[in-house]
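J.: The following file, target26.cif, comprises mmCIF, C-alpha atoms:
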data_target
loop_
_atom_site.label_atom_id
_atom_site.label_comp_id
_atom_site.auth_asym_id
_atom_site.auth_seq_id
_atom_site.Cartn_x
_atom_site.Cartn_y
_atom_site.Cartn_z
CA ILE A 1 -10.27 -32.30 -0.72
CA PHE A 2 -9.55 -35.18 1.64
CA TYR A 3 -6.76 -33.24 3.32
CA CYS A 4 -8.96 -30.17 3.89
CA SER A 5 -11.75 -32.39 5.21
CA LEU A 6 -9.33 -34.13 7.57
CA ALA A 7 -7.98 -30.82 8.86
CA PHE A 8 -11.48 -29.51 9.52
CA SER A 9 -12.54 -32.73 11.23
CA VAL A 10 -9.52 -32.82 13.52
CA PHE A 11 -10.02 -29.17 14.41
CA GLN A 12 -13.69 -29.73 15.14
CA ALA A 13 -13.18 -32.87 17.22
CA CYS A 14 -10.05 -31.90 19.16
CA HIS A 15 -10.09 -28.11 19.35
CA ALA A 16 -10.66 -26.90 22.89
CA PHE A 17 -13.89 -25.14 21.95
CA SER A 18 -17.24 -24.78 23.61
CA PRO A 19 -20.11 -22.42 22.83
CA THR A 20 -19.93 -18.91 24.19
CA PRO A 21 -21.64 -18.22 27.53
CA ALA A 22 -24.53 -16.53 25.76
CA GLY A 23 -25.48 -19.83 24.17
CA LEU A 24 -25.32 -21.89 27.35
CA PRO A 25 -28.26 -23.00 29.46
CA ALA A 26 -28.53 -21.54 32.94
CA VAL A 27 -26.77 -23.64 35.57
CA SER A 28 -27.59 -23.67 39.24
CA ASN A 29 -24.86 -24.02 41.86
CA ASN A 30 -27.04 -26.66 43.50
CA ASN A 31 -26.42 -28.97 40.56
CA ILE A 32 -22.67 -29.22 41.04
CA LYS A 33 -21.65 -32.70 42.13
CA THR A 34 -18.43 -34.63 42.01
CA THR A 35 -18.40 -38.36 41.54
CA THR A 36 -15.39 -40.60 41.88
CA LYS A 37 -15.37 -44.00 40.20
CA LEU A 38 -12.81 -46.78 40.45
CA TYR A 39 -12.81 -47.69 36.78
CA ALA A 40 -14.28 -46.38 33.54
CA SER A 41 -16.49 -49.10 32.10
CA SER A 42 -15.52 -48.08 28.57
CA THR A 43 -11.84 -48.74 29.15
CA ASN A 44 -10.80 -52.11 27.76
CA THR A 45 -7.31 -51.54 26.41
CA SER A 46 -5.17 -52.74 29.32
CA THR A 47 -3.43 -56.06 29.25
CA THR A 48 -4.08 -58.62 31.99
CA SER A 49 -0.68 -58.14 33.59
CA ASN A 50 -0.90 -54.37 33.58
CA LYS A 51 -4.46 -54.48 34.96
CA ILE A 52 -3.26 -56.54 37.92
CA GLY A 53 -0.58 -53.94 38.59
CA VAL A 54 -3.06 -51.09 38.24
CA ASP A 55 -5.55 -52.82 40.59
CA PHE A 56 -2.90 -53.41 43.24
CA PHE A 57 -1.41 -49.94 43.21
CA LYS A 58 -4.81 -48.26 42.97
CA ASN A 59 -5.82 -50.00 46.20
CA LEU A 60 -2.45 -49.19 47.73
CA PHE A 61 -2.78 -45.50 46.89
CA ASN A 62 -6.32 -45.29 48.23
CA GLY A 63 -5.53 -47.15 51.41
CA ALA A 64 -2.34 -45.20 52.05
CA ASN A 65 -4.10 -41.90 51.43
CA LYS A 66 -6.81 -42.72 53.96
CA ASN A 67 -4.26 -43.65 56.58
CA LEU A 68 -2.06 -40.69 55.79
CA LEU A 69 -4.70 -37.97 55.82
CA ASN A 70 -6.85 -39.64 58.47
CA GLY A 71 -9.98 -38.07 57.00
CA ALA A 72 -8.48 -34.59 56.65
CA GLU A 73 -9.04 -32.65 53.43
CA LEU A 74 -6.48 -30.19 52.14
CA ASP A 75 -7.66 -27.02 50.41
CA LYS A 76 -4.30 -25.39 49.76
CA PRO A 77 -0.75 -26.61 49.10
CA THR A 78 1.57 -27.41 51.99
CA GLU A 79 5.02 -25.88 52.36
CA ALA A 80 6.55 -29.09 51.00
CA MET A 81 4.38 -28.83 47.88
CA LEU A 82 5.31 -25.20 47.32
CA GLU A 83 8.95 -26.18 47.53
CA LYS A 84 8.91 -29.40 45.49
CA VAL A 85 5.96 -29.36 43.04
CA HIS A 86 5.68 -27.70 39.64
CA PHE A 87 2.54 -27.81 37.48
CA LEU A 88 3.22 -27.90 33.75
CA ILE A 89 0.00 -27.14 31.88
CA LEU A 90 -0.26 -28.80 28.47
CA PRO A 91 -2.60 -26.92 26.07
CA GLY A 92 -5.31 -28.66 24.12
CA PHE A 93 -5.59 -28.68 20.34
CA GLY A 94 -5.81 -25.12 19.01
CA ASN A 95 -4.97 -23.59 22.37
CA ALA A 96 -2.02 -21.47 23.45
CA PRO A 97 -0.55 -20.33 26.80
CA GLU A 98 -2.62 -17.13 26.90
CA ASP A 99 -5.79 -19.22 27.09
CA TYR A 100 -4.67 -20.49 30.50
CA THR A 101 -3.09 -17.32 31.90
CA MET A 102 -5.90 -14.89 31.03
CA PRO A 103 -8.11 -13.58 33.87
CA ARG A 104 -10.42 -16.21 35.41
CA SER A 105 -8.59 -19.02 33.64
CA LEU A 106 -6.63 -21.96 35.05
CA VAL A 107 -3.40 -20.28 36.15
CA PRO A 108 -5.04 -17.34 38.02
CA THR A 109 -7.44 -19.76 39.70
CA LEU A 110 -4.60 -22.02 40.87
CA LEU A 111 -2.74 -18.96 42.16
CA SER A 112 -5.82 -18.03 44.19
CA ARG A 113 -5.62 -21.46 45.85
CA GLY A 114 -2.21 -20.77 47.36
CA TRP A 115 0.23 -21.72 44.61
CA SER A 116 2.92 -19.26 43.52
CA GLU A 117 3.95 -18.25 40.02
CA GLU A 118 7.13 -20.30 40.52
CA ASN A 119 4.98 -23.43 40.83
CA ILE A 120 3.14 -23.09 37.52
CA SER A 121 4.10 -22.81 33.87
CA VAL A 122 2.38 -23.44 30.55
CA LEU A 123 4.06 -25.32 27.71
CA PRO A 124 5.80 -22.56 25.68
CA MET A 125 4.16 -22.73 22.28
CA LYS A 126 2.19 -20.65 19.81
CA ARG A 127 -1.32 -21.29 18.59
CA SER A 128 0.07 -21.58 15.08
CA ASP A 129 2.25 -24.51 16.19
CA TRP A 130 -0.79 -26.74 15.83
CA LEU A 131 -0.51 -26.34 12.07
CA LYS A 132 2.52 -28.62 12.33
CA VAL A 133 0.14 -31.53 12.88
CA PHE A 134 -1.00 -31.12 9.28
CA LEU A 135 2.08 -29.63 7.68
CA CYS A 136 4.45 -32.24 9.11
CA GLY A 137 1.93 -35.05 8.90
CA ALA A 138 1.32 -34.37 5.21
CA LEU A 139 4.82 -35.60 4.45
CA ASP A 140 4.45 -38.81 6.46
CA LEU A 141 2.86 -41.85 4.82
CA LYS A 142 1.97 -43.29 8.23
CA PHE A 143 -0.12 -40.18 8.92
CA TRP A 144 -2.27 -40.86 5.86
CA GLN A 145 -2.56 -44.52 6.86
CA ALA A 146 -3.76 -43.50 10.37
CA ASP A 147 -0.83 -45.45 11.78
CA ALA A 148 1.43 -42.65 13.01
CA ALA A 149 2.71 -42.88 16.57
CA PRO A 150 3.12 -39.61 18.51
CA THR A 151 6.89 -39.81 17.94
CA ARG A 152 6.36 -39.30 14.21
CA PRO A 153 6.40 -35.79 12.70
CA ALA A 154 2.75 -34.78 13.29
CA PHE A 155 3.00 -34.76 17.10
CA ARG A 156 6.72 -35.24 17.80
CA TRP A 157 7.24 -31.48 18.12
CA TYR A 158 4.79 -31.48 21.05
CA LEU A 159 6.56 -34.34 22.84
CA GLU A 160 9.90 -32.61 22.30
CA LEU A 161 8.52 -29.42 23.87
CA VAL A 162 7.28 -31.35 26.91
CA ALA A 163 10.63 -33.12 27.36
CA SER A 164 12.54 -29.85 27.00
CA GLU A 165 10.32 -28.00 29.45
CA VAL A 166 10.43 -30.76 32.08
CA LYS A 167 14.23 -30.74 31.85
CA ARG A 168 14.32 -26.94 32.19
CA ILE A 169 12.04 -26.98 35.24
CA VAL A 170 14.07 -29.63 37.04
CA GLU A 171 17.36 -27.88 36.32
CA GLU A 172 16.23 -24.34 37.20
CA GLU A 173 13.93 -24.95 40.17
CA GLU A 174 14.81 -26.10 43.69
CA PRO A 175 16.72 -29.41 43.87
CA GLY A 176 14.30 -32.31 44.00
CA THR A 177 11.50 -30.48 42.18
CA LYS A 178 8.93 -32.84 40.65
CA VAL A 179 6.59 -32.10 37.75
CA VAL A 180 2.85 -32.72 37.50
CA LEU A 181 1.57 -32.68 33.93
CA VAL A 182 -1.87 -31.03 33.73
CA GLY A 183 -3.24 -31.77 30.29
CA HIS A 184 -6.34 -30.04 28.98
CA SER A 185 -8.24 -31.70 26.14
CA ALA A 186 -5.71 -33.21 23.68
CA GLY A 187 -3.00 -32.18 26.15
CA GLY A 188 -4.27 -34.98 28.41
CA TRP A 189 -3.51 -37.88 26.08
CA LEU A 190 -0.36 -36.13 24.88
CA ALA A 191 0.79 -36.05 28.52
CA ARG A 192 0.42 -39.83 28.60
CA ALA A 193 2.27 -40.12 25.29
CA SER A 194 5.07 -37.87 26.56
CA VAL A 195 5.65 -39.92 29.69
CA GLY A 196 5.15 -43.22 27.89
CA PHE A 197 7.38 -42.70 24.86
CA GLY A 198 9.80 -40.58 26.87
CA THR A 199 10.52 -43.12 29.60
CA THR A 200 9.67 -46.65 28.47
CA GLU A 201 11.81 -49.00 26.42
CA VAL A 202 8.79 -50.16 24.43
CA TYR A 203 8.21 -48.60 21.01
CA PRO A 204 6.50 -49.64 17.79
CA GLU A 205 8.94 -51.62 15.65
CA ARG A 206 8.31 -49.16 12.83
CA GLU A 207 9.50 -46.22 14.94
CA VAL A 208 12.93 -44.66 15.30
CA MET A 209 13.22 -43.34 18.84
CA ASP A 210 14.03 -39.63 18.98
CA SER A 211 16.20 -38.90 22.01
CA ASN A 212 14.73 -35.40 22.14
CA VAL A 213 11.49 -36.78 23.57
CA GLN A 214 13.11 -38.60 26.48
CA VAL A 215 11.88 -37.72 29.97
CA ALA A 216 13.29 -38.95 33.27
CA LEU A 217 10.41 -40.80 34.95
CA ASP A 218 11.75 -39.85 38.37
CA ASN A 219 11.03 -36.19 37.52
CA ILE A 220 7.30 -36.84 37.04
CA LEU A 221 4.90 -37.04 39.99
CA GLY A 222 1.67 -37.62 38.10
CA ILE A 223 -0.75 -36.73 35.33
CA VAL A 224 -3.98 -34.73 35.63
CA SER A 225 -6.28 -34.61 32.61
CA LEU A 226 -9.11 -32.11 32.15
CA GLY A 227 -11.66 -33.08 29.51
CA ALA A 228 -9.20 -35.29 27.61
CA PRO A 229 -10.21 -37.90 25.01
CA HIS A 230 -8.33 -40.96 26.28
CA LEU A 231 -9.86 -43.63 24.07
CA PRO A 232 -9.42 -43.98 20.31
CA PRO A 233 -12.56 -43.89 18.15
CA PRO A 234 -14.28 -47.18 17.36
CA GLU A 235 -13.83 -48.95 14.05
CA GLY A 236 -15.64 -47.11 11.30
CA GLU A 237 -14.96 -43.61 12.63
CA MET A 238 -12.11 -41.52 11.23
CA ASP A 239 -9.15 -41.41 13.63
CA MET A 240 -8.62 -37.70 14.08
CA THR A 241 -5.20 -38.27 15.68
CA ARG A 242 -4.15 -40.41 12.68
CA GLY A 243 -3.23 -43.34 14.90
CA ALA A 244 -1.35 -41.43 17.61
CA LEU A 245 -3.93 -41.94 20.37
CA ARG A 246 -4.61 -45.57 19.42
CA ILE A 247 -0.92 -46.47 19.49
CA THR A 248 -0.46 -44.64 22.81
CA ASN A 249 -3.30 -46.72 24.27
CA GLU A 250 -1.90 -49.95 22.88
CA LEU A 251 1.58 -49.41 24.31
CA PHE A 252 0.72 -47.52 27.51
CA PRO A 253 -2.84 -48.52 28.41
CA ALA A 254 -4.86 -47.12 31.30
CA SER A 255 -2.79 -45.67 34.18
CA PHE A 256 0.33 -47.33 32.83
CA HIS A 257 2.86 -45.82 35.25
CA LEU A 258 0.75 -46.24 38.39
CA PRO A 259 2.86 -49.27 39.44
CA SER A 260 5.88 -46.94 39.24
CA GLY A 261 4.32 -44.66 41.83
CA LYS A 262 2.88 -42.02 39.47
CA PHE A 263 -0.66 -40.86 40.20
CA TYR A 264 -3.38 -40.25 37.62
CA VAL A 265 -6.42 -37.99 38.02
CA THR A 266 -8.95 -37.80 35.18
CA VAL A 267 -11.61 -35.08 35.23
CA ALA A 268 -14.66 -35.10 32.97
CA GLY A 269 -17.73 -32.90 32.54
CA THR A 270 -21.39 -33.71 31.89
CA ALA A 271 -22.85 -30.47 30.60
CA ILE A 272 -24.40 -31.42 27.26
CA THR A 273 -26.12 -34.44 25.77
CA GLY A 274 -25.53 -34.56 22.04
CA GLU A 275 -28.46 -34.22 19.68
CA GLU A 276 -28.24 -34.54 15.91
CA GLN A 277 -29.06 -31.32 14.08
CA MET A 278 -30.60 -31.45 10.64
CA ARG A 279 -29.45 -28.18 9.11
CA GLU A 280 -31.24 -26.90 6.02
CA SER A 281 -28.11 -25.18 4.73
CA VAL A 282 -24.41 -24.84 5.57
CA MET A 283 -25.13 -21.26 6.59
CA GLU A 284 -27.45 -22.31 9.39
CA PRO A 285 -25.59 -21.97 12.73
CA THR A 286 -24.77 -25.11 14.64
CA THR A 287 -26.61 -25.47 17.94
CA VAL A 288 -24.84 -26.33 21.21
CA LYS A 289 -26.28 -29.86 21.19
CA GLY A 290 -25.63 -30.23 17.47
CA PHE A 291 -21.96 -29.36 17.89
CA ALA A 292 -21.71 -31.79 20.79
CA PHE A 293 -23.30 -34.54 18.67
CA ASN A 294 -20.75 -34.10 15.89
CA SER A 295 -17.83 -33.98 18.31
CA TYR A 296 -18.94 -36.96 20.42
CA LYS A 297 -19.54 -39.05 17.32
CA ALA A 298 -16.02 -38.32 16.06
CA VAL A 299 -14.51 -39.22 19.42
CA CYS A 300 -16.49 -42.28 20.54
CA GLY A 301 -18.95 -43.08 17.75
CA ASP A 302 -22.03 -42.10 19.78
CA GLY A 303 -23.28 -38.60 19.04
CA ASN A 304 -26.06 -38.90 21.62
CA ALA A 305 -23.63 -39.41 24.49
CA ILE A 306 -23.24 -36.97 27.37
CA GLY A 307 -20.07 -34.98 27.96
CA ASP A 308 -18.54 -31.53 28.31
CA GLY A 309 -19.73 -30.33 24.91
CA VAL A 310 -16.62 -31.56 23.07
CA VAL A 311 -15.41 -34.78 24.71
CA PRO A 312 -17.90 -37.49 25.77
CA LEU A 313 -17.80 -38.84 29.30
CA GLU A 314 -17.15 -42.41 28.19
CA ALA A 315 -13.81 -41.43 26.63
CA SER A 316 -12.62 -39.11 29.42
CA HIS A 317 -11.51 -41.52 32.16
CA LEU A 318 -8.65 -43.97 32.57
CA GLU A 319 -8.79 -47.30 34.35
CA GLY A 320 -6.91 -47.05 37.63
CA ALA A 321 -7.06 -43.25 37.78
CA GLU A 322 -8.81 -41.18 40.40
CA GLN A 323 -11.88 -40.32 38.34
CA LEU A 324 -13.99 -37.22 38.87
CA THR A 325 -17.07 -36.30 36.88
CA LEU A 326 -18.32 -32.71 37.27
CA GLU A 327 -21.95 -32.05 36.46
CA ASN A 328 -22.63 -29.03 34.22
CA CYS A 329 -18.92 -28.47 33.55
CA PHE A 330 -18.02 -27.38 30.00
CA HIS A 331 -14.88 -28.03 27.99
CA SER A 332 -13.01 -24.75 27.63
CA ILE A 333 -12.33 -21.16 28.57
CA ASN A 334 -14.90 -20.00 26.02
CA ALA A 335 -17.30 -20.65 28.90
CA PRO A 336 -15.15 -18.85 31.51
CA GLU A 337 -17.42 -19.48 34.48
CA GLU A 338 -18.39 -23.01 33.55
CA TRP A 339 -15.23 -24.90 32.60
CA TYR A 340 -12.64 -27.04 34.40
CA GLY A 341 -10.44 -24.09 35.34
CA ALA A 342 -13.28 -21.90 36.62
CA ASP A 343 -13.41 -20.83 40.25
CA ARG A 344 -16.65 -22.76 40.84
CA PHE A 345 -15.25 -26.09 39.63
CA ILE A 346 -11.53 -26.15 40.36
CA ASP A 347 -11.80 -27.15 44.02
CA GLN A 348 -13.64 -30.31 42.99
CA TRP A 349 -10.48 -31.74 41.43
CA HIS A 350 -7.76 -29.59 43.04
CA LYS A 351 -8.40 -31.08 46.48
CA VAL A 352 -8.02 -34.59 45.06
CA VAL A 353 -4.73 -33.60 43.44
CA LEU A 354 -3.52 -32.17 46.76
CA LYS A 355 -4.28 -35.50 48.43
CA GLN A 356 -2.26 -37.35 45.80
CA LEU A 357 0.60 -34.88 46.08
CA GLU A 358 0.85 -35.23 49.85
CA PHE A 359 1.01 -39.00 49.65
CA SER A 360 3.49 -38.96 46.76
CA LEU A 361 5.85 -36.51 48.46
CA GLN A 362 5.84 -38.35 51.77
CA LYS A 363 6.31 -41.69 50.02
CA SER A 364 9.32 -40.36 48.12
#
Could the structure of this file be written out as structure tokens, please?

T.:
Amino acid sequence: IFYCSLAFSVFQACHAFSPTPAGLPAVSNNNIKTTTKLYASSTNTSTTSNKIGVDFFKNLFNGANKNLLNGAELDKPTEAMLEKVHFLILPGFGNAPEDYTMPRSLVPTLLSRGWSEENISVLPMKRSDWLKVFLCGALDLKFWQADAAPTRPAFRWYLELVASEVKRIVEEEEPGTKVVLVGHSAGGWLARASVGFGTTEVYPEREVMDSNVQVALDNILGIVSLGAPHLPPPEGEMDMTRGALRITNELFPASFHLPSGKFYVTVAGTAITGEEQMRESVMEPTTVKGFAFNSYKAVCGDGNAIGDGVVPLEASHLEGAEQLTLENCFHSINAPEEWYGADRFIDQWHKVVLKQLEFSLQKS
């Protein structure tokens, strides 16, 4: 019973799901705004020494970008980007590549902004692969104790896929190609885990490092997260990642690799404020706000928070990252015109990524 309850809870909290367009409130184009903040007030996991490094390099990146672009704003990739940059899209929990390649989704929208098919790939996996979280985790005592790092069986398969795909891209593409990890939903914190556990000689003492998850840090340009839960739940709430996100935050807090020259862009949405729903029976359908309440509560402990319908705003940003909050933006492709990869929203964060890419390529 506990295992079934856990599986359902993880699926509900992490699955890249948002209500169908028919159930969404009308949104006016006039309400779209982008806000950039220096730090997320809810982030408190970084150590003093790492925070100093993040502060310094955040200021360095911002100052260098202003001098470099001299006020100019890019809206499409440069020739250098088309030659040297590869986006690797990391699916969120319950998602598969077809969710990002289907019409009006993330890949077609990026292609319409000037990127080529050679510049973009999606982590090669099946939707059924997510069952490994439960099937492999069930055999791991640490999973049941909510103390399982991402390198343990429940999520190790995902990190191995990322490492393998980064290696393939670098070997098969033009010499000097660099990878940008674009993580949607759970793919955002798993991108951090992949780079952290794959490149840093710091691991939990209880872990045995698997060489199959190793990634060459020099091959990574940066991390972009779209609606990702970056903070572990507060004490008293069930950890849906069974310790994986908490341990990632403890070992690789905030924008951990910013001092190494890697950029971070976190994108969040504020489409729905959660509202507790008192259902008279289990057969009564869950409302949009009721679903958001349950999901937010599982992620941050506050069901009445505001967020993208699945992930609350307060858990979506990283200290030191370039932070963008998109009003009325929903979590997933189930709202094809209203999510992070939609034509109406993508320019809000794509232009910021282009700025980071130009600086990173010229610096290197």

J.: Report, in Å to a single decimal, how far apart CA of Ala292 in chain A and CA of Gln277 in chain A are.

T.: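 CA of Ala292 in chain A lies 10.0 Å from CA of Gln277 in chain A.
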
J.: For Gln348 in chain A, which residue among A:Thr177, A:Gln323, A:Thr248, A:Ser255 is the nearest when counting all atoms listed in the file?

T.: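 Closest residue, counting all atoms listed in the file: A:Gln323.
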
J.: Once the PyMOL selection byres ((chain A and resi 299-315) around 7) is applied to the coordinates I shared, what remains selected? I want it as a ChimeraX atom specification.

T.: /A:13,18,42,227-231,233-234,237,268-275,292-298,316-317,329-331

J.: Enumerate, as a ChimeraX atom specification, the residues matched when the PyMOL selection byres ((chain A and resi 218) around 12) is run on the file above.

T.: /A:166-167,170,176-180,195,198-199,215-217,219-222,257,260-262,360,364

J.: Counting only C-alpha atoms, which residue out of A:Phe134, A:Phe345, A:Trp339, A:Phe197 sits closest to Ala163 in chain A?

T.: A:Phe197

J.: Which one is closest to Val353 in chain A: A:Ala138, A:Val85, A:Leu111, A:Leu161? Count all atoms listed in the file.

T.: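 Nearest to Val353 in chain A: A:Val85.
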
J.: Evaluate the PyMOL selection byres ((chain A and resi 104) around 8) and record the selected residues as a PDB file with C-alpha atoms, in the frame of the given file, following the chain and residue labels used in the document.

T.:
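The new file selection.pdb reads:
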ATOM      1  CA  MET A 102      -5.900 -14.890  31.030  1.00  0.00           C
ATOM      2  CA  PRO A 103      -8.110 -13.580  33.870  1.00  0.00           C
ATOM      3  CA  SER A 105      -8.590 -19.020  33.640  1.00  0.00           C
ATOM      4  CA  LEU A 106      -6.630 -21.960  35.050  1.00  0.00           C
ATOM      5  CA  PRO A 108      -5.040 -17.340  38.020  1.00  0.00           C
ATOM      6  CA  THR A 109      -7.440 -19.760  39.700  1.00  0.00           C
ATOM      7  CA  PRO A 336     -15.150 -18.850  31.510  1.00  0.00           C
ATOM      8  CA  GLU A 337     -17.420 -19.480  34.480  1.00  0.00           C
ATOM      9  CA  GLY A 341     -10.440 -24.090  35.340  1.00  0.00           C
ATOM     10  CA  ALA A 342     -13.280 -21.900  36.620  1.00  0.00           C
ATOM     11  CA  ASP A 343     -13.410 -20.830  40.250  1.00  0.00           C
TER      12      ASP A 343
END

J.: Using all atoms listed in the file, pick whichever of A:Ser281, A:Thr151, A:Thr101, A:Thr241 has the shortest atom-to-atom distance to Ile120 in chain A.

T.: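 Smallest separation from Ile120 in chain A among the options: A:Thr101.
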
J.: Which residues are near Cys136 in chain A? Cut-off 7 Å, all atoms listed in the file, ignore same chain within fewer than 3 positions. Put them as a ChimeraX atom specification.

T.: /A:132-133,139,153-154

J.: If I take CA of Pro77 in chain A and CA of Trp349 in chain A, how far is one from the other in Å, to one decimal?

T.: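 So the two atoms, CA of Pro77 in chain A and CA of Trp349 in chain A, lie 13.4 Å apart.
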
J.: Could you tell me how far CA of Ile169 in chain A lies from CA of Glu83 in chain A, in Å and to one decimal?

T.: 12.7 Å

J.: Could you pull the residues within 7 Å of Ala149 in chain A, counting all atoms listed in the file, minus those fewer than 2 positions along the same chain, as a ChimeraX atom specification?

T.: /A:147,151-152,243-244,247

J.: If we count only C-alpha atoms, what is near Val162 in chain A at a cut-off of 7 Å, once residues fewer than 3 positions away on the same chain are taken out, given as a list in words?

T.: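 Residues near the query, excluding close chain neighbours: Leu123, Tyr158, Leu159, Glu165, Val166 and Ser194 of chain A.
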
J.: Of the candidates A:Glu174, A:Glu327, A:Glu280, A:Val265, which shows the shortest atom-to-atom distance to Glu118 in chain A, using only C-alpha atoms?

T.: A:Glu174

J.: Find the residue from A:Asp129, A:Asp75, A:Asp140, A:Glu250 that sits nearest to Trp115 in chain A; use only C-alpha atoms when measuring.

T.: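 Distance minimum relative to Trp115 in chain A lands on A:Asp75.
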